[in-house]
2 protein chains.
Amino acid sequence: MAEKYDVIIIGGGPAGLSAGIYAARARLACKLIEKAALGGLIVNAEKVENYPGFADGVSGLELTELMQSQAQKFGLDTVIGEVQGLTLNDSLKTITTSAGDYDTRAVIVASGSEHNKLGVPGEEKFTGRGVSFCATCDGYFFQDKTVAVVGGGNAALAEALNLTKFASKVFVVHRRGELRATKIVQERALANPKIEFRFNTAVSAIEGGDFVKSLKLEDTENGKASTLKVDGLFVAIGFKPNTEFLKNTVPLDGAGYVITDEKMATPVPGIFAAGDVRSSSIRQVIGAAGDGAVAAIYAERYLSEPH
Amino acid sequence: MAEKYDVIIIGGGPAGLSAGIYAARARLACKLIEKAALGGLIVNAEKVENYPGFADGVSGLELTELMQSQAQKFGLDTVIGEVQGLTLNDSLKTITTSAGDYDTRAVIVASGSEHNKLGVPGEEKFTGRGVSFCATCDGYFFQDKTVAVVGGGNAALAEALNLTKFASKVFVVHRRGELRATKIVQERALANPKIEFRFNTAVSAIEGGDFVKSLKLEDTENGKASTLKVDGLFVAIGFKPNTEFLKNTVPLDGAGYVITDEKMATPVPGIFAAGDVRSSSIRQVIGAAGDGAVAAIYAERYLSEPH
């Protein structure tokens with residue numbers, strides 16, 4: 001027989017841990033399921049400067065560990081396992097995982113998302129050392145530096161325009177001959193004197209020492225190789241939410257993100273979502289942690305109502 | 001002539017400071033207006049245990065100071081002044097304050113709310129020392145203690161029910177002979193063996209040493225005085241949002257709170273709200289800080305669009 005809980009939290013990043021702090025402190029019977037030992041994309045961030053309360057910044061790893069020990073102090077139990085499915089019964093939901101099945105009255109989905117990667121040599125090595133996936137997070141570290149953005153959609157041009165506030169030069173490297181971004185954003189990027197476009201160009205490798213120093217580029221039409229000196233590379237080729245296990249149970253938006261209201265509730269009673277897995281998430285630690293607390297408080301309220 | 005800004009933030013609690021960290025770090029021309037030297041209700045909290053990242057807790061004052069110095073580091077400018085009005089012009093908004101007028105393209109309202117107070121001797125002295133306005137925040141500190149809740153509405157009974165998870169005994173003190181709470185909540189509270197009601201009773205004073213020890217009660221029908229030994233008192237007689245200056249510019253809910261969507265946007269383009277001033281706020285520091293970041297990021301996005 002499956003174990004039975006008030007609330008199961010799926011995902012151990014800032015959203016899930018914040019929900020866990022609130023749920024455990026409210027004395028709900030709860031458990032957090034995380035697929036790795038430490039959760040969340042933020043674990044890879046060398047320095048987080050904009051999480052309110054850490055005036056001198058904090059590493060993503062340290063912040064996650066602090067949240068974990070805080071949640072454990074209130075009695076949050078964590079299990080390592082991969083969530084495979086979610087089944088809705090009458091009032092109970094059943095979560096199937098590689099570590100066993102769990103019956104629960106409420107669920108907080110905080111399973112996050114992954115950035116699409118270039119898959120080129122150096123990308124993994126230099127992540128957090130010049131390779132970034134977020135200008136709002138890391139643009140500030142590139143004052144008067146030269147950076148490149150890979151991508152050709154709205155997100156890529158928004159990142160490039162954002163970076164012009166910090167960097168002295170911003171290259172936009174795009175594998176096609178034309179941009180996918182909307183006209184008005186294109187016009188603004190093309191008119192910005194700090195932005196220079198490299199069309200029909202792909203990044204084939206990222207090179208450097210301790211930090212990024214240059215990109216190996218390849219012309220996508222004639223295969224010609226070249227080198228571009230940069231201090232940073234922002235990869236803006238999309239995200240993939242971790243929502244495979246939710247298919248056919250919870251409404252997702254066109255890109256696969258969970259749709260919630262401002263109480264973090266999905267249209268399915270008792271199922272909440274928090275953090276980057278949520279449609280219109282700001283993809284920031286503070287936003288995810290805020291979401292987690294909101295989801296836990298409204299889950300608690302849901303549990304106290306008659307069903 | 002009024003000074004001109006990209007974004008003006010009204011209020012210097014966690015919501016306003018978080019918005020300030022994000023807006024200043026994004027290099028927006030911004031200013032924060034706060035009516036006192038230090039902002040937000042949380043300044044009075046002796047210990048905040050549930051702000052994710054502070055595993056051993058932190059005082060409300062210290063957390064606020066940390067956020068302030070973080071915002072200052074990114075160049076946020078703060079002015080002390082009382083906001084008197086907000087006027088909408090074509091694309092600019094004008095904020096009238098006791099410290100001068102400011103023209104701005106976007107506004108983030110983070111002016112918070114105040115709890116209604118009993119106005120009895122000892123209330124101010126013991127706030128944070130046994131007198132609380134929030135069971136979610138402070139209930140955990142009263143394990144196996146005796147507490148009282150003042151009030152007779154849904155919020156008061158929800159606080160009382162919440163407190164039964166921690167306290168050994170919960171008195172509900174209500175000045176009338178019957179409750180205002182909805183039937184189902186009343187039934188649940190009346191059926192709970194830990195809850196004892198004191199109808200037609202008002203708190204006339206709060207007494208103790210370092211912490212609360214007892215309440216002076218008064219029968220509201222015959223004026224008879226009595227004493228009730230308690231370790232804590234939760235005041236649940238409502239809140240008042242600080243939204244006087246918004247009248248006739250931004251839609252408010254029935255209780256005077258600002259209505260926003262999940263992007264913290266009000267229906268008025270360029271006006272955002274964050275934290276306790278917002279309808280359906282969870283009244284928690286982490287929620288307010290999350291709101292502030294969301295408001296700043298969507299304000300930035302608003303500013304980058306053509307108007």
# chains A, B, ... in the order shown; residues from 1 in each chain; ligands from 1
>>> residues_around(residues="Ala23 of chain B", least_positions_apart="4", cutoff="10 Å", atoms="only C-alpha atoms", output="PyMOL selection string")
chain B and resi 6-9+17-19+27-31+71+74-76+292-293+295-297+299-300
>>> write_last_selection(atoms="all heavy atoms", output="compact mmCIF listing (two decimals), in the first residue's frame")
# COMPACT_ATOMS: atom_id res chain seq x y z
N ASP B 6 12.20 56.34 -14.39
CA ASP B 6 11.60 55.17 -15.04
C ASP B 6 10.57 54.54 -14.12
O ASP B 6 9.48 54.21 -14.53
CB ASP B 6 12.69 54.12 -15.35
CG ASP B 6 13.62 54.53 -16.47
OD1 ASP B 6 13.18 55.28 -17.36
OD2 ASP B 6 14.79 54.12 -16.44
N VAL B 7 10.99 54.36 -12.88
CA VAL B 7 10.09 53.69 -11.93
C VAL B 7 10.26 54.26 -10.53
O VAL B 7 11.38 54.48 -10.07
CB VAL B 7 10.27 52.15 -11.96
CG1 VAL B 7 11.69 51.73 -11.69
CG2 VAL B 7 9.33 51.46 -10.98
N ILE B 8 9.13 54.54 -9.89
CA ILE B 8 9.12 54.97 -8.50
C ILE B 8 8.49 53.84 -7.68
O ILE B 8 7.43 53.32 -8.04
CB ILE B 8 8.30 56.27 -8.30
CG1 ILE B 8 8.95 57.44 -9.04
CG2 ILE B 8 8.11 56.57 -6.81
CD1 ILE B 8 10.07 58.14 -8.31
N ILE B 9 9.17 53.48 -6.60
CA ILE B 9 8.69 52.42 -5.70
C ILE B 9 8.16 53.08 -4.44
O ILE B 9 8.87 53.88 -3.82
CB ILE B 9 9.83 51.44 -5.35
CG1 ILE B 9 10.36 50.77 -6.62
CG2 ILE B 9 9.36 50.40 -4.34
CD1 ILE B 9 11.75 50.20 -6.49
N LEU B 17 11.82 46.90 -1.16
CA LEU B 17 13.28 46.75 -1.23
C LEU B 17 13.68 45.71 -2.27
O LEU B 17 14.64 45.89 -3.01
CB LEU B 17 13.84 46.37 0.15
CG LEU B 17 13.80 47.51 1.18
CD1 LEU B 17 14.18 46.98 2.57
CD2 LEU B 17 14.72 48.65 0.78
N SER B 18 12.91 44.62 -2.35
CA SER B 18 13.19 43.60 -3.38
C SER B 18 12.99 44.20 -4.77
O SER B 18 13.84 44.02 -5.66
CB SER B 18 12.27 42.40 -3.17
OG SER B 18 12.45 41.45 -4.18
N ALA B 19 11.92 44.95 -4.95
CA ALA B 19 11.70 45.64 -6.24
C ALA B 19 12.86 46.60 -6.50
O ALA B 19 13.34 46.70 -7.64
CB ALA B 19 10.37 46.39 -6.22
N ARG B 27 19.58 48.77 -13.88
CA ARG B 27 19.96 50.11 -14.34
C ARG B 27 18.78 50.98 -14.77
O ARG B 27 18.89 51.79 -15.69
CB ARG B 27 20.96 50.01 -15.51
CG ARG B 27 22.29 49.43 -15.12
CD ARG B 27 23.33 50.54 -15.07
NE ARG B 27 24.59 50.08 -14.54
CZ ARG B 27 25.68 49.85 -15.26
NH1 ARG B 27 25.66 50.02 -16.58
NH2 ARG B 27 26.79 49.48 -14.69
N LEU B 28 17.64 50.80 -14.12
CA LEU B 28 16.52 51.70 -14.37
C LEU B 28 16.73 52.95 -13.51
O LEU B 28 17.33 52.89 -12.44
CB LEU B 28 15.19 51.03 -13.99
CG LEU B 28 14.84 49.75 -14.73
CD1 LEU B 28 13.53 49.17 -14.21
CD2 LEU B 28 14.75 50.01 -16.23
N ALA B 29 16.26 54.10 -14.00
CA ALA B 29 16.28 55.32 -13.19
C ALA B 29 15.14 55.18 -12.18
O ALA B 29 13.97 55.28 -12.54
CB ALA B 29 16.07 56.54 -14.08
N CYS B 30 15.50 54.88 -10.94
CA CYS B 30 14.45 54.56 -9.97
C CYS B 30 14.71 55.23 -8.62
O CYS B 30 15.82 55.64 -8.32
CB CYS B 30 14.33 53.05 -9.78
SG CYS B 30 15.85 52.24 -9.27
N LYS B 31 13.65 55.33 -7.85
CA LYS B 31 13.73 55.90 -6.51
C LYS B 31 12.70 55.20 -5.64
O LYS B 31 11.64 54.82 -6.12
CB LYS B 31 13.45 57.40 -6.57
CG LYS B 31 13.90 58.15 -5.31
CD LYS B 31 13.49 59.61 -5.34
CE LYS B 31 14.51 60.57 -5.91
NZ LYS B 31 15.66 60.85 -5.06
N ALA B 71 20.26 46.87 -1.69
CA ALA B 71 19.66 47.78 -2.68
C ALA B 71 20.56 49.00 -2.89
O ALA B 71 20.75 49.46 -4.03
CB ALA B 71 18.27 48.20 -2.24
N PHE B 74 23.47 48.54 -5.22
CA PHE B 74 23.16 48.62 -6.65
C PHE B 74 22.73 50.03 -7.05
O PHE B 74 22.31 50.25 -8.17
CB PHE B 74 22.10 47.59 -7.02
CG PHE B 74 22.57 46.17 -6.86
CD1 PHE B 74 21.96 45.30 -6.00
CD2 PHE B 74 23.68 45.72 -7.57
CE1 PHE B 74 22.42 44.00 -5.84
CE2 PHE B 74 24.14 44.43 -7.42
CZ PHE B 74 23.51 43.56 -6.54
N GLY B 75 22.79 50.95 -6.09
CA GLY B 75 22.54 52.35 -6.42
C GLY B 75 21.13 52.84 -6.18
O GLY B 75 20.77 53.92 -6.66
N LEU B 76 20.32 52.08 -5.44
CA LEU B 76 18.96 52.56 -5.20
C LEU B 76 18.98 53.78 -4.29
O LEU B 76 19.62 53.78 -3.24
CB LEU B 76 18.11 51.45 -4.53
CG LEU B 76 16.65 51.88 -4.28
CD1 LEU B 76 15.90 52.01 -5.60
CD2 LEU B 76 15.94 50.88 -3.37
N GLY B 292 7.90 41.66 -5.16
CA GLY B 292 8.70 42.84 -5.53
C GLY B 292 9.55 42.57 -6.76
O GLY B 292 9.61 43.39 -7.68
N ALA B 293 10.19 41.40 -6.78
CA ALA B 293 11.02 41.05 -7.93
C ALA B 293 10.17 40.89 -9.19
O ALA B 293 10.53 41.38 -10.27
CB ALA B 293 11.79 39.76 -7.64
N ALA B 295 7.27 42.31 -9.81
CA ALA B 295 6.80 43.64 -10.21
C ALA B 295 7.90 44.40 -10.94
O ALA B 295 7.66 45.03 -11.98
CB ALA B 295 6.32 44.42 -8.98
N ALA B 296 9.13 44.34 -10.44
CA ALA B 296 10.24 45.07 -11.07
C ALA B 296 10.54 44.52 -12.46
O ALA B 296 10.78 45.28 -13.41
CB ALA B 296 11.48 45.01 -10.19
N ILE B 297 10.51 43.20 -12.59
CA ILE B 297 10.83 42.60 -13.89
C ILE B 297 9.74 42.91 -14.92
O ILE B 297 10.04 43.25 -16.07
CB ILE B 297 11.06 41.08 -13.73
CG1 ILE B 297 12.45 40.87 -13.14
CG2 ILE B 297 10.90 40.34 -15.06
CD1 ILE B 297 12.83 39.44 -12.89
N ALA B 299 7.75 45.51 -14.72
CA ALA B 299 7.83 46.96 -14.96
C ALA B 299 8.90 47.25 -16.00
O ALA B 299 8.71 48.06 -16.91
CB ALA B 299 8.14 47.70 -13.65
N GLU B 300 10.04 46.57 -15.88
CA GLU B 300 11.12 46.74 -16.85
C GLU B 300 10.64 46.35 -18.24
O GLU B 300 10.91 47.04 -19.22
CB GLU B 300 12.32 45.87 -16.42
CG GLU B 300 13.57 46.12 -17.24
CD GLU B 300 14.69 45.13 -16.93
OE1 GLU B 300 14.50 44.24 -16.06
OE2 GLU B 300 15.73 45.23 -17.59
>>> residues_around(residues="Gly209 of chain A", least_positions_apart="3", cutoff="10 Å", atoms="only C-alpha atoms", output="mmCIF file with C-alpha atoms, in the first residue's frame")
data_model
loop_
_atom_site.group_PDB
_atom_site.id
_atom_site.type_symbol
_atom_site.label_atom_id
_atom_site.label_comp_id
_atom_site.auth_asym_id
_atom_site.auth_seq_id
_atom_site.Cartn_x
_atom_site.Cartn_y
_atom_site.Cartn_z
ATOM 1 C CA PHE A 126 32.305 27.260 -18.436
ATOM 2 C CA ARG A 129 32.368 30.938 -15.551
ATOM 3 C CA VAL A 212 35.531 32.166 -21.164
ATOM 4 C CA LYS A 213 37.965 33.874 -23.547
ATOM 5 C CA SER A 214 36.671 33.100 -27.026
#
>>> residues_around(residues="Lys117 of chain B", least_positions_apart="2", cutoff="10 Å", atoms="only C-alpha atoms", output="list in words")
Glu114, His115, Gly119, Val120, Glu123, Glu124, Phe133, Val235, Ala236, Ile237, Gly238 and Phe239 of chain B
>>> write_last_selection(atoms="C-alpha atoms", output="mmCIF file, in the first residue's frame")
data_model
loop_
_atom_site.group_PDB
_atom_site.id
_atom_site.type_symbol
_atom_site.label_atom_id
_atom_site.label_comp_id
_atom_site.auth_asym_id
_atom_site.auth_seq_id
_atom_site.Cartn_x
_atom_site.Cartn_y
_atom_site.Cartn_z
ATOM 1 C CA GLU B 114 -1.441 47.921 9.016
ATOM 2 C CA HIS B 115 -3.116 45.586 11.476
ATOM 3 C CA GLY B 119 -5.600 49.985 21.559
ATOM 4 C CA VAL B 120 -5.194 48.642 25.093
ATOM 5 C CA GLU B 123 -0.305 45.912 23.326
ATOM 6 C CA GLU B 124 2.588 47.928 21.955
ATOM 7 C CA PHE B 133 -0.787 39.407 14.504
ATOM 8 C CA VAL B 235 -4.928 39.858 17.552
ATOM 9 C CA ALA B 236 -7.134 39.006 14.558
ATOM 10 C CA ILE B 237 -9.439 41.975 14.127
ATOM 11 C CA GLY B 238 -8.522 42.858 10.573
ATOM 12 C CA PHE B 239 -6.061 44.845 8.490
#
>>> interface_residues(of="chain A", to="chain B", cutoff="6 Å", atoms="only C-alpha atoms", output="list in words")
Ser18, Pro52, Gly53, Ala55, Leu63, Leu66, Met67, Gln70, Glu262, Ile286, Gly287 and Gly290 of chain A
>>> closest_residue(among="A:Arg175, A:Lys169, A:Lys145, A:Arg105", to="Glu218 of chain A", atoms="only C-alpha atoms")
A:Arg175
>>> residues_around(residues="Gly40 of chain A", least_positions_apart="4", cutoff="10 Å", atoms="only C-alpha atoms", output="ChimeraX atom specification")
/A:11-17,34,36,44,60-61,64,110-114,276,285
>>> select_by_dssp(residues="segment 10-190 of chain B", states="strand (DSSP E)", output="PyMOL selection string")
chain B and resi 10+30-34+77-80+83-88+93-97+100-109+113-115+131-132+146-150+169-173
